[in-house]
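What follows is one structure encoded as structure tokens, with my remarks underneath.
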Number of protein chains: 4
Amino acid sequence: MKSETIELFAEPTLVVEDVEISGHIIDSLILPKVLDLITTRGGSFRIKQITIGQARNDPSFALVEVQAHSADELADILKQIGDHGAVPTVSHDCHLEAADMDAAFPEGFYSTTNQKTEVRIAGKWIEVADQEMDCGLVISPDRTTARCLPMVDVRRGDLMVVGHAGVRVFPPERTAQRHLFEFMGSSVSTEKPKAVAIREIARELDRNRAAGGRTLLVGGPAIVHTGSAAHVCRLIREGYVDVLFAGNALATHDIEQALFGTSLGVQVNQGNVVEAGHEHHLRAINRIRRAGGIRRAVEDGVLTSGIMYECVRNDVDFLLAGSIRDDGPLPDVITDVLEAQRQMRERVRDVTFCLMIATALHSIAVGNLLPAWVKVVCADINPSTVIKLSDRGSFQTVGLVTDVEPFLRALVAELASMPTEPTL
Amino acid sequence: MKSETIELFAEPTLVVEDVEISGHIIDSLILPKVLDLITTRGGSFRIKQITIGQARNDPSFALVEVQAHSADELADILKQIGDHGAVPTVSHDCHLEAADMDAAFPEGFYSTTNQKTEVRIAGKWIEVADQEMDCGLVISPDRTTARCLPMVDVRRGDLMVVGHAGVRVFPPERTAQRHLFEFMGSSVSTEKPKAVAIREIARELDRNRAAGGRTLLVGGPAIVHTGSAAHVCRLIREGYVDVLFAGNALATHDIEQALFGTSLGVQVNQGNVVEAGHEHHLRAINRIRRAGGIRRAVEDGVLTSGIMYECVRNDVDFLLAGSIRDDGPLPDVITDVLEAQRQMRERVRDVTFCLMIATALHSIAVGNLLPAWVKVVCADINPSTVIKLSDRGSFQTVGLVTDVEPFLRALVAELASMPTEPTL
Amino acid sequence: MKSETIELFAEPTLVVEDVEISGHIIDSLILPKVLDLITTRGGSFRIKQITIGQARNDPSFALVEVQAHSADELADILKQIGDHGAVPTVSHDCHLEAADMDAAFPEGFYSTTNQKTEVRIAGKWIEVADQEMDCGLVISPDRTTARCLPMVDVRRGDLMVVGHAGVRVFPPERTAQRHLFEFMGSSVSTEKPKAVAIREIARELDRNRAAGGRTLLVGGPAIVHTGSAAHVCRLIREGYVDVLFAGNALATHDIEQALFGTSLGVQVNQGNVVEAGHEHHLRAINRIRRAGGIRRAVEDGVLTSGIMYECVRNDVDFLLAGSIRDDGPLPDVITDVLEAQRQMRERVRDVTFCLMIATALHSIAVGNLLPAWVKVVCADINPSTVIKLSDRGSFQTVGLVTDVEPFLRALVAELASMPTEPTL
Amino acid sequence: MKSETIELFAEPTLVVEDVEISGHIIDSLILPKVLDLITTRGGSFRIKQITIGQARNDPSFALVEVQAHSADELADILKQIGDHGAVPTVSHDCHLEAADMDAAFPEGFYSTTNQKTEVRIAGKWIEVADQEMDCGLVISPDRTTARCLPMVDVRRGDLMVVGHAGVRVFPPERTAQRHLFEFMGSSVSTEKPKAVAIREIARELDRNRAAGGRTLLVGGPAIVHTGSAAHVCRLIREGYVDVLFAGNALATHDIEQALFGTSLGVQVNQGNVVEAGHEHHLRAINRIRRAGGIRRAVEDGVLTSGIMYECVRNDVDFLLAGSIRDDGPLPDVITDVLEAQRQMRERVRDVTFCLMIATALHSIAVGNLLPAWVKVVCADINPSTVIKLSDRGSFQTVGLVTDVEPFLRALVAELASMPTEPTL
């Protein structure tokens with residue numbers, strides 16, 4: 001942290017730059033955060049001007065002189081506070097550097113966040129497309145568009161943004177409107193009024209369907225183990241799910257239940273452990289492999305119920321991503337994780353609401369891909385999954401420590417009692 | 001454990017005693033357990049006779065010679081295996097010793113289990129009353145009855161059983177009938193079919209009500225925080241709860257909700273945090289203290305809804321036991337824990353079904369008091385509570401890691417759709 | 001929340017009051033919090049004057065006009081923001097009301113926080129003694145002193161503060177100094193650098209001992225079950241513990257280990273389950289009851305090792321508080337929870353550091369009694385305990401999800417390698 | 001389950017087959033399990049002969065007639081009890097069927113367990129190689145050897161075992177010797193004596209190194225986040241780790257720490273959050289990509305410390321398996337999960353001890369690949385990971401709910417104080 005060296009004789013020469021911050025900078029805690037960052041990174045500041053909005057929703061404005069001990073320190077500070085919307089008053093274009101090799105950024109690359117970002121090229125601010133965290137920023141050859149680019153997709157010669165100059169980030173502002181996504185906040189407490197949360201999620205699903213948005217369901221096998229597959233089937237049939245992301249396990253146990261009535265060998269409807277049942281999931285996979293895949297199994301009448309069946313029947317776009325713990329796997333599973341990421345990336349582009357249920361791996365993977373403004377609900381009985389998701393630090397992510405089956409049952413019941421008309 | 005000393009020259013003289021074991025000793029794993037105990041305690045055995053039931057439900061019988069290196073070791077082994085139903089073929093009366101002081105047992109006292117127990121007095125086996133673990137056994141002055149006696153209730157001169165002779169314990173046998181209490185077993189997995197479990201609990205509640213049994217609900221404040229009070233109110237009104245055990249917190253937040261609409265300052269119906277709300281629970285307690293207690297508050301119209309209100313209105317016997325984290329407390333709280341235990345003990349005598357929800361302290365306290373044959377369901381989102389309860393090691397205890405609100409909501413819905421007629 | 005009614009024709013007449021806030025109101029997020037409270041409670045504001053400290057540690061000042069629709073709403077807002085240090089510029093004395101009955105406050109009583117508080121009497125601000133949350137404020141008959149008073153200790157005629165006028169609260173300010181209590185913050189993540197945390201706790205223990213502070217250890221029985229009693233014994237012998245709060249279980253299993261080598265029947269040094277061991281704890285309690293208590297048992301040579309033994313030998317003040325799940329209990333256990341609270345309250349008055357290990361019940365009980373400025377470390381493998389403690393919302397409380405035995409072992413090792421000299 | 005149809009007029013004709021079971025069939029609970037399976041699968045039995053070992057370690061023998069209502073039911077029962085070592089007295093060769101397509105088994109394939117298995121070909125029992133659960137059994141073209149074959153590796157024409165005839169499984173027998181792997185059993189309690197467990201694991205590591213066994217470490221990134229990388233480095237340098245399985249995250253954060261001193265942006269040595277630190281892991285990956293991989297980065301002096309560095313320097317065979325949540329990833333990561341499984345499978349063949357730390361995904365993946373007789377210790381602060389591993393149901397798997405850093409610190413200290421000489 002801060003250097004402990006004491007400068008005895010000389011006042012160090014400071015390098016300075018003015019930045020401006022505007023918006024709900026007090027109400028949204030942006031100004032305190034920026035001032036805090038400056039000092040914790042070794043700098044100091046002088047507030048040259050401040051105008052505080054007279055009402056809670058009035059924007060405020062601050063002009064702050066950032067002081068640092070060296071050009072490097074200043075650059076470092078500007079980079080940090082830039083992520084919170086503090087923009088130098090004298091703007092520069094972003095710096096570009098051509099990639100010198102495939103599948104790696106130039107050293108000093110700009111590392112993206114999941115928040116709305118703009119780059120300045122030829123004096124003009126351009127909005128970045130395909131916003132995603134932990135990427136680089138690539139500029140089109142004609143320098144008119146910018147987008148986020150994963151490291152492995154870099155091609156030698158790509159124009160990459162380096163450094164922090166000429167990039168600005170728009171942190172999310174808390175709105176005055178109070179809703180689920182504010183009340184639940186970053187909390188993972190198990191002792192919140194659950195009925196309210198469930199009702200709000202139902203409303204959000206309904207609103208999203210009515211508005212023509214796309215809802216992504218990310219689910220783990222506990223959905224099937226706990227006997228909740230029927231609830232998900234109903235959500236699919238009623239048009240509440242547009243895309244399904246899952247792994248081999250959810251699809252396998254769903255098909256196991258459809259073919260054998262068990263999930264991991266447990267009879268889902270009666271709760272009995274069927275002793276030979278541990279083989280069922282393998283037999284289910286084998287049968288689908290023999291049939292040539294899930295879609296073919298549905299078409300040929302091999303698979304006649306369950307979540308995967310409903311996806312095929314209701315044109316829900318499903319994607320099964322592989323993992324090293326997969327048995328089989330099902331022939332539909334994408335076994336290369338980079339290819340899976342690519343296909344997930346494409347499909348999340350137009351997602352407007354995301355419900356993550358009972359899967360740490362897939363939830364975190366999808367959380368990495370989504371821009372900060374997509375609303376996300378993550379429900380899991382294991383608090384650690386919920387904590388990890390909530391650490392994304394967006395007001396748009398709600399974590400819910402709950403039990404899958406009764407949660408989904410209640411959600412379906414809330415949707416059934418919703419006053420809205422069915423989808424057109 | 002086993003002595004490491006090596007006996008060089010002499011075969012040690014063994015002391016022996018024959019024991020017999022009968023019942024489903026193979027199917028119920030009792031024989032292996034007994035043989036295991038003998039050897040792990042340093043002894044050895046010879047199976048003199050064995051008759052194995054020809055069908056799964058036929059009882060078996062074994063006559064086993066227990067061999068030990070000393071009389072002490074033999075007594076120790078006999079004591080251990082006696083808890084699993086292995087009875088010496090030559091029976092002795094139990095040994096009695098008069099308590100030499102109040103509130104303590106004689107050294108060498110027999111320490112009870114929660115399983116059905118008999119003592120032999122004057123050649124006759126007498127069933128022990130008030131069965132409870134971690135007590136002593138007191139014999140009536142006329143030596144015709146026996147019952148479990150907590151340590152603090154000993155009075156000088158009480159006839160206490162010492163040693164293990166003349167005491168026999170009947171371990172529970174697994175029945176062939178498959179039901180919830182078998183299927184859920186001692187498991188705490190979160191990935192079990194929950195709908196089955198909830199349906200079975202509903203059936204059990206219904207059966208118990210129909211059969212005139214008494215259902216005890218043991219509940220924690222998360223019932224109120226999660227917005228589940230209304231579900232419990234409905235269970236009470238419909239006669240599914242005969243006794244309620246809780247602490248100051250459940251009653252306080254229930255009353256807080258009734259008076260202010262909040263639980264720990266959170267608006268239960270809307271989920272908003274009411275900023276001053278942290279004071280509400282204290283104001284609620286104060287108001288009840290001013291009214292002279294819960295019953296008076298209901299009678300005077302101060303308290304007009306909620307769990308405690310329904311208890312008063314529907315003659316549900318409630319008991320609030322104090323703890324050191326209590327604010328206030330409510331005037332109805334029993335602040336002395338021994339007095340609370342005494343009153344709980346009296347009230348569990350005729351309980352036939354017990355539902356424990358979201359409280360570790362009260363669940364464990366009640367678990368300590370109940371005989372092994374009372375069916376218990378413990379539901380908590382925190383696996384550690386469920387694990388502790390399941391460690392009671394009875395086939396009659398079911399642990400369920402679940403979320404209170406959707407769990408209770410589903411339970412009430414199951415009961416509503418039950419085909420049985422209402423209570424007469 | 002906010003009224004949805006639209007006022008069509010008339011601008012409602014506003015009632016207003018000026019408040020001032022000073023200190024690190026931006027850096028500490030106090031100003032945003034106050035402005036947020038005003039608007040969420042239905043009011044509005046106008047910032048009449050603001051002076052922002054030019055450097056991070058310079059205090060700032062704001063003069064804010066609070067606007068409300070009614071006197072009641074205004075009083076409500078002033079009460080809320082008063083808890084965050086916003087004081088009306090025109091001050092009033094506090095309002096007093098004599099208690100009209102024993103053991104209850106007058107309606108409208110001022111409900112205390114755990115933060116530094118002052119009341120204004122006869123124009124003078126007086127600091128409140130015995131600061132504790134969820135109490136009332138009682139003024140001495142001569143009106144020169146004020147202190148927190150628990151509800152049950154109210155006596156008819158006591159002068160109680162009602163309403164919020166004339167009371168001001170000093171919220172804790174984050175200091176620029178970076179230490180454990182800042183870095184760990186309110187976080188409960190299991191994935192923090194643990195060595196740093198353990199080293200900082202060791203330093204804090206050492207500093208506290210050297211400075212003549214008093215360290216309170218609050219411990220649960222898992223200390224003994226996990227084989228950590230020896231570590232605690234060492235902390236006691238080396239003067240790192242001045243007071244011990246625990247329940248019957250810690251003392252019982254500690255004595256069980258001293259007498260029988262087991263904890264809940266598990267051999268602590270070898271990990272074997274001793275089959276009859278489940279009786280050991282009851283025999284341990286019985287033996288101490290027969291000896292006349294822990295101190296007598298030590299003096300008479302019945303108890304010769306363990307935590308309780310070391311407490312007696314090293315004059316550590318110990319307090320055992322009862323709970324309804326207690327077996328026995330030991331004769332030293334205070335079975336009335338109100339009496340236990342009273343004695344705990346007396347003993348925490350001069351505590352300057354508090355280490356809570358592996359007990360939810362006792363940790364929360366003690367957390368309720370401590371003022372916000374006492375540093376607290378709560379270590380538990382169960383995240384829910386840590387979350388509950390951290391919800392106290394003080395920068396002084398550090399939660400650590402960790403495993404008791406290796407944690408205490410590492411703590412003792414850190415202390416052993418500390419460069420400081422031993423206590424004088 | 002059991003058919004509820006009542007057969008009115010005729011005693012159904014039973015089909016029967018004699019099976020024999022030998023070994024510690026009572027002590028190891030095998031006989032009760034077999035009898036239980038017979039009846040729960042709808043059959044009945046008659047014990048024709050039973051010889052019970054006279055001492056605890058003497059083997060027993062039982063000859064049991066299995067009765068079923070149909071040939072199918074009989075086959076089903078024989079299959080189930082065959083997994084527990086009950087072998088028909090009249091043995092048949094196994095049935096073989098040539099695979100009719102690539103990457104799928106014939107319907108009716110024999111599904112393997114992770115226990116020692118033999119197949120009968122031409123009257124001779126042959127031991128199965130590469131034992132692994134959830135595979136098929138393939139016989140060499142010359143019919144002299146058998147091995148487990150994953151579904152995807154099937155090639156058209158492979159001779160696969162179908163049905164259960166001619167296959168026998170040897171369930172693990174509990175040995176009389178009491179050690180860690182017995183005492184810890186399947187338990188996941190957090191309240192076990194941890195020092196004992198850690199000492200036993202240290203002994204096992206030491207024994208394994210001395211005996212020339214191979215130890216596999218499976219680790220997650222929390223090792224680095226919690227500041228435990230140095231402990232693992234020491235284990236590697238001292239020869240306690242022969243193979244490392246991990247994912248992109250462990251290697252990335254280890255390299256991040258080596259290059260930047262942070263893990264996920266947290267300074268591991270001081271616990272400070274470095275604000276820009278969230279970029280460090282991406283810069284670390286990028287730098288390794290630019291260097292051409294981990295080995296090259298070590299050779300070129302780019303990477304000079306940390307776990308991955310020590311692996312390269314000490315010839316520890318490391319394998320990084322990809323997942324969909326990977327950033328980057330590092331160029332050494334195997335991004336195809338089937339390829340990763342293949343390489344893991346090869347490397348576990350000669351592993352004799354496996355330590356799994358703080359990773360659910362990799363632990364379960366490796367657990368799937370290991371035969372039941374390889375000793376496994378799984379340590380995680382999240383009980384759900386430990387529960388999932390323990391469900392493998394082998395006496396060889398020990399689950400430990402503990403905190404990574406203090407656990408590894410204590411383990412290293414135990415090893416340092418071990419009396420054994422260093423590896424030769």
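Ordering of the structure tokens sets the chain letters (A, B, ...); residue numbers start at 1 within each chain; ligands are numbered from 1 in the order shown.
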* To do: With a distance cut-off of 8 Å and only C-alpha atoms, select the neighbouring residues of stretch 107-110 of chain D, excluding the residue or stretch itself and same-chain residues fewer than 4 positions from it, and output the selection as a count of residues only.
  => 10
Give me the residues of chain C that have any atom at most 6 Å from an atom of chain D; for each, the nearest atom pair and the distance in Å, rounded to one decimal. Use only C-alpha atoms, sort by chain and number, and format it as CSV.
residue,atom,partner,partner_atom,distance
C:Glu191,CA,D:Thr226,CA,5.3
C:Lys192,CA,D:Thr226,CA,4.9
C:Pro193,CA,D:Thr226,CA,3.8
C:Lys194,CA,D:Thr226,CA,5.4
C:Val196,CA,D:Gln270,CA,6.0
C:Ala222,CA,D:Glu191,CA,5.7
C:His225,CA,D:Glu191,CA,5.5
C:Thr226,CA,D:Pro193,CA,3.8
C:Gly227,CA,D:Pro193,CA,4.8
C:Val268,CA,D:Pro193,CA,5.6
C:Gln270,CA,D:Val196,CA,5.9
C:Thr402,CA,D:Asp403,CA,5.1
C:Asp403,CA,D:Thr402,CA,5.1
C:Pro406,CA,D:Pro406,CA,5.0
C:Phe407,CA,D:Pro406,CA,5.7
How would the residues just chosen look if you wrote them out with all heavy atoms as a short mmCIF file (atom, residue, chain, number, x, y, z; two decimals), in the first residue's frame?
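Output file part-v6.cif is given in full below:
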data_model
loop_
_atom_site.label_atom_id
_atom_site.label_comp_id
_atom_site.auth_asym_id
_atom_site.auth_seq_id
_atom_site.Cartn_x
_atom_site.Cartn_y
_atom_site.Cartn_z
N GLU C 191 -12.82 -17.04 1.42
CA GLU C 191 -11.66 -17.04 0.55
C GLU C 191 -10.77 -15.81 0.74
O GLU C 191 -10.26 -15.24 -0.21
CB GLU C 191 -12.10 -17.17 -0.92
CG GLU C 191 -12.92 -18.43 -1.15
CD GLU C 191 -13.05 -18.81 -2.61
OE1 GLU C 191 -12.80 -17.94 -3.45
OE2 GLU C 191 -13.41 -19.96 -2.89
N LYS C 192 -10.63 -15.40 1.98
CA LYS C 192 -9.72 -14.30 2.30
C LYS C 192 -8.38 -14.87 2.77
O LYS C 192 -8.33 -15.99 3.27
CB LYS C 192 -10.34 -13.45 3.42
CG LYS C 192 -11.51 -12.57 3.00
CD LYS C 192 -11.06 -11.37 2.20
CE LYS C 192 -12.21 -10.47 1.83
NZ LYS C 192 -12.74 -9.73 2.95
N PRO C 193 -7.31 -14.08 2.65
CA PRO C 193 -6.01 -14.56 3.17
C PRO C 193 -6.08 -14.74 4.68
O PRO C 193 -6.11 -13.78 5.43
CB PRO C 193 -5.04 -13.44 2.79
CG PRO C 193 -5.74 -12.59 1.80
CD PRO C 193 -7.21 -12.76 2.04
N LYS C 194 -6.11 -15.98 5.13
CA LYS C 194 -6.34 -16.25 6.54
C LYS C 194 -5.13 -15.94 7.40
O LYS C 194 -5.27 -15.53 8.54
CB LYS C 194 -6.77 -17.71 6.72
CG LYS C 194 -8.15 -18.02 6.17
CD LYS C 194 -9.26 -17.30 6.89
CE LYS C 194 -10.58 -17.32 6.13
NZ LYS C 194 -11.21 -18.61 6.00
N VAL C 196 -3.07 -13.57 7.24
CA VAL C 196 -3.07 -12.15 7.60
C VAL C 196 -4.04 -11.91 8.75
O VAL C 196 -3.72 -11.24 9.73
CB VAL C 196 -3.49 -11.29 6.39
CG1 VAL C 196 -3.45 -9.83 6.76
CG2 VAL C 196 -2.61 -11.58 5.20
N ALA C 222 -17.56 -26.67 20.67
CA ALA C 222 -16.75 -27.20 19.57
C ALA C 222 -15.28 -26.98 19.85
O ALA C 222 -14.43 -27.68 19.29
CB ALA C 222 -17.16 -26.54 18.25
N HIS C 225 -14.65 -30.27 21.42
CA HIS C 225 -14.87 -31.38 20.48
C HIS C 225 -13.76 -31.47 19.43
O HIS C 225 -13.38 -32.54 19.00
CB HIS C 225 -16.20 -31.21 19.73
CG HIS C 225 -17.40 -31.21 20.61
ND1 HIS C 225 -17.47 -31.93 21.79
CD2 HIS C 225 -18.62 -30.61 20.47
CE1 HIS C 225 -18.67 -31.75 22.34
NE2 HIS C 225 -19.37 -30.96 21.56
N THR C 226 -13.31 -30.30 18.97
CA THR C 226 -12.30 -30.31 17.90
C THR C 226 -10.89 -30.48 18.45
O THR C 226 -9.93 -30.44 17.70
CB THR C 226 -12.34 -28.99 17.10
OG1 THR C 226 -12.11 -27.91 18.00
CG2 THR C 226 -13.67 -28.81 16.39
N GLY C 227 -10.78 -30.63 19.75
CA GLY C 227 -9.46 -30.85 20.34
C GLY C 227 -8.66 -29.57 20.53
O GLY C 227 -7.44 -29.58 20.50
N VAL C 268 -10.49 -37.41 22.39
CA VAL C 268 -9.99 -36.22 21.72
C VAL C 268 -8.58 -36.42 21.19
O VAL C 268 -8.22 -35.90 20.14
CB VAL C 268 -10.08 -35.02 22.67
CG1 VAL C 268 -9.46 -33.79 22.05
CG2 VAL C 268 -11.52 -34.76 23.05
N GLN C 270 -7.23 -39.29 20.17
CA GLN C 270 -7.07 -40.35 19.18
C GLN C 270 -8.19 -40.38 18.17
O GLN C 270 -8.10 -41.04 17.15
CB GLN C 270 -6.98 -41.71 19.88
CG GLN C 270 -5.73 -41.82 20.75
CD GLN C 270 -5.76 -43.10 21.54
OE1 GLN C 270 -6.26 -43.12 22.65
NE2 GLN C 270 -5.25 -44.16 20.95
N THR C 402 -13.98 -19.99 9.67
CA THR C 402 -12.78 -20.80 9.75
C THR C 402 -13.02 -22.00 10.65
O THR C 402 -14.08 -22.12 11.26
CB THR C 402 -11.58 -19.96 10.26
OG1 THR C 402 -10.39 -20.72 10.11
CG2 THR C 402 -11.74 -19.58 11.71
N ASP C 403 -12.02 -22.87 10.73
CA ASP C 403 -12.13 -24.11 11.49
C ASP C 403 -11.42 -23.93 12.82
O ASP C 403 -10.25 -23.55 12.86
CB ASP C 403 -11.47 -25.23 10.66
CG ASP C 403 -11.72 -26.59 11.24
OD1 ASP C 403 -12.55 -26.71 12.15
OD2 ASP C 403 -11.08 -27.55 10.78
N PRO C 406 -7.50 -25.74 13.79
CA PRO C 406 -6.34 -25.15 13.12
C PRO C 406 -6.25 -23.64 13.30
O PRO C 406 -5.15 -23.09 13.37
CB PRO C 406 -6.52 -25.55 11.64
CG PRO C 406 -7.81 -26.27 11.54
CD PRO C 406 -8.35 -26.53 12.89
N PHE C 407 -7.39 -22.96 13.44
CA PHE C 407 -7.37 -21.52 13.68
C PHE C 407 -6.70 -21.20 15.02
O PHE C 407 -5.79 -20.37 15.09
CB PHE C 407 -8.80 -20.96 13.67
CG PHE C 407 -8.94 -19.57 14.24
CD1 PHE C 407 -8.49 -18.46 13.54
CD2 PHE C 407 -9.51 -19.38 15.49
CE1 PHE C 407 -8.61 -17.19 14.07
CE2 PHE C 407 -9.63 -18.10 16.03
CZ PHE C 407 -9.18 -17.00 15.32
#
* **Who sits within 8 Å of D:Leu303, only C-alpha atoms, same chain under 4 positions skipped, as a PyMOL selection string** => chain D and resi 255+258-259+294+297-298+309
Would you write out those residues with C-alpha atoms, as a PDB file, in the first residue's frame?
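part-v6.pdb, written as the output of this step:
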ATOM      1  CA  ILE D 255       0.762 -16.865 -11.249  1.00  0.00           C
ATOM      2  CA  ALA D 258       3.855 -14.579  -8.306  1.00  0.00           C
ATOM      3  CA  LEU D 259       3.727 -11.649 -10.734  1.00  0.00           C
ATOM      4  CA  ILE D 294       3.921 -22.023 -18.063  1.00  0.00           C
ATOM      5  CA  ALA D 297       7.636 -18.780 -18.649  1.00  0.00           C
ATOM      6  CA  VAL D 298       9.632 -20.579 -15.953  1.00  0.00           C
ATOM      7  CA  TYR D 309       6.831 -22.713 -10.753  1.00  0.00           C
TER       8      TYR D 309
END
* By how many Å are atom CA of B:Glu132 and atom CA of C:Leu361 apart? ->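 Going from atom CA of B:Glu132 over to atom CA of C:Leu361, I get 24.5 Å.
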* Nearest-residue call for D:Pro329, choices A:Gly123, A:Gly82, A:Pro150, A:Gly261, using only C-alpha atoms ->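 Residue with the minimum atom-to-atom distance to D:Pro329: A:Pro150.
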* To do: Taking the DSSP assignment computed from this structure's backbone, write out as a ChimeraX atom specification all residues of stretch 70-276 of chain C that belong to helix (DSSP H, G or I).
  => /C:71-82,151-153,180-183,194-210,222-225,229-237,248-260,275-276
* So which residues of stretch 32-200 of chain D fall under strand (DSSP E) by DSSP, listed as a count of residues only? -> 51
* Asked: By how many Å are atom CA of A:Ile77 and atom CA of A:Val64 apart?
  ->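 Going from atom CA of A:Ile77 over to atom CA of A:Val64 covers 12.7 Å.
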* Between atom CA of D:Cys94 and atom CA of D:Cys148 - distance in Å to one decimal ->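 Distance between the two atoms: 14.6 Å.
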* Asked: Do you know which residues are at most 7 Å from stretch 104-106 of chain D counting only C-alpha atoms, after dropping those on the same chain fewer than 5 positions away, and could you put them as a PyMOL selection string?
  -> (chain A and resi 286+289-290) or (chain D and resi 99+151-152+154)
* Do a neighbour search on D:Arg234 at 10 Å with only C-alpha atoms, toss out local chain neighbours closer than 6 positions, and write the hits as a PyMOL selection string. => chain D and resi 240-241+306-307+310+412
Write to file, as a JSON list (two decimals), in the first residue's frame, the residues of the selection just made, with N, CA and C atoms.
[["chain", "number", "residue", "atom", "x", "y", "z"],
["D", 240, "TYR", "N", 6.21, -34.45, -1.45],
["D", 240, "TYR", "CA", 4.95, -35.05, -1.02],
["D", 240, "TYR", "C", 3.88, -35.04, -2.11],
["D", 241, "VAL", "N", 4.14, -34.37, -3.21],
["D", 241, "VAL", "CA", 3.15, -34.30, -4.30],
["D", 241, "VAL", "C", 3.81, -34.81, -5.58],
["D", 306, "GLY", "N", 5.96, -19.70, -6.79],
["D", 306, "GLY", "CA", 4.58, -20.15, -6.76],
["D", 306, "GLY", "C", 4.44, -21.63, -7.03],
["D", 307, "ILE", "N", 3.21, -22.10, -6.95],
["D", 307, "ILE", "CA", 2.91, -23.52, -7.09],
["D", 307, "ILE", "C", 3.30, -24.04, -8.48],
["D", 310, "GLU", "N", 7.01, -24.26, -8.89],
["D", 310, "GLU", "CA", 7.58, -25.40, -8.17],
["D", 310, "GLU", "C", 7.28, -26.71, -8.91],
["D", 412, "VAL", "N", 1.61, -29.02, 7.15],
["D", 412, "VAL", "CA", 3.03, -28.83, 6.89],
["D", 412, "VAL", "C", 3.83, -28.92, 8.19]]
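The environment of A:Ile126 within 8 Å, counting only C-alpha atoms and disregarding residues fewer than 4 places along the same chain, consists of Glu118, Val119, Arg120, Ile121, Thr144, Thr145 and Ala146 of chain A.
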* To do: Could you give me, as a PyMOL selection string, the residues within 10 Å of C:Glu238, counting only C-alpha atoms and dropping anything in the same chain fewer than 2 positions from it?
  => chain C and resi 209+232-236+240-241+314+415-416+422-423
For N, CA and C atoms, I'd like the residues from the last selection saved as a compact mmCIF listing (two decimals), in the first residue's frame.
# COMPACT_ATOMS: atom_id res chain seq x y z
N ARG C 209 -3.25 -6.99 25.78
CA ARG C 209 -2.63 -7.45 27.02
C ARG C 209 -1.60 -6.43 27.49
N VAL C 232 -6.65 -23.13 24.14
CA VAL C 232 -7.28 -22.13 25.00
C VAL C 232 -6.59 -22.11 26.37
N CYS C 233 -6.24 -23.28 26.88
CA CYS C 233 -5.52 -23.34 28.16
C CYS C 233 -4.25 -22.49 28.09
N ARG C 234 -3.56 -22.60 26.96
CA ARG C 234 -2.33 -21.85 26.82
C ARG C 234 -2.59 -20.35 26.77
N LEU C 235 -3.64 -19.96 26.03
CA LEU C 235 -3.99 -18.53 25.99
C LEU C 235 -4.26 -18.02 27.41
N ILE C 236 -4.94 -18.84 28.20
CA ILE C 236 -5.26 -18.43 29.57
C ILE C 236 -3.99 -18.31 30.40
N TYR C 240 -3.69 -14.04 28.10
CA TYR C 240 -4.40 -13.43 26.99
C TYR C 240 -5.91 -13.39 27.18
N VAL C 241 -6.39 -14.05 28.22
CA VAL C 241 -7.83 -14.09 28.47
C VAL C 241 -8.08 -13.58 29.89
N ASN C 314 -5.80 -19.49 37.24
CA ASN C 314 -5.23 -18.22 36.77
C ASN C 314 -6.15 -17.03 37.00
N LEU C 415 1.22 -16.01 18.39
CA LEU C 415 1.49 -15.32 19.65
C LEU C 415 2.86 -15.73 20.18
N ALA C 416 3.20 -17.01 19.99
CA ALA C 416 4.49 -17.50 20.49
C ALA C 416 5.65 -16.84 19.76
N PRO C 422 6.87 -10.41 27.57
CA PRO C 422 5.71 -10.93 28.31
C PRO C 422 5.09 -9.84 29.19
N THR C 423 3.88 -10.10 29.61
CA THR C 423 3.20 -9.14 30.49
C THR C 423 4.06 -8.87 31.71
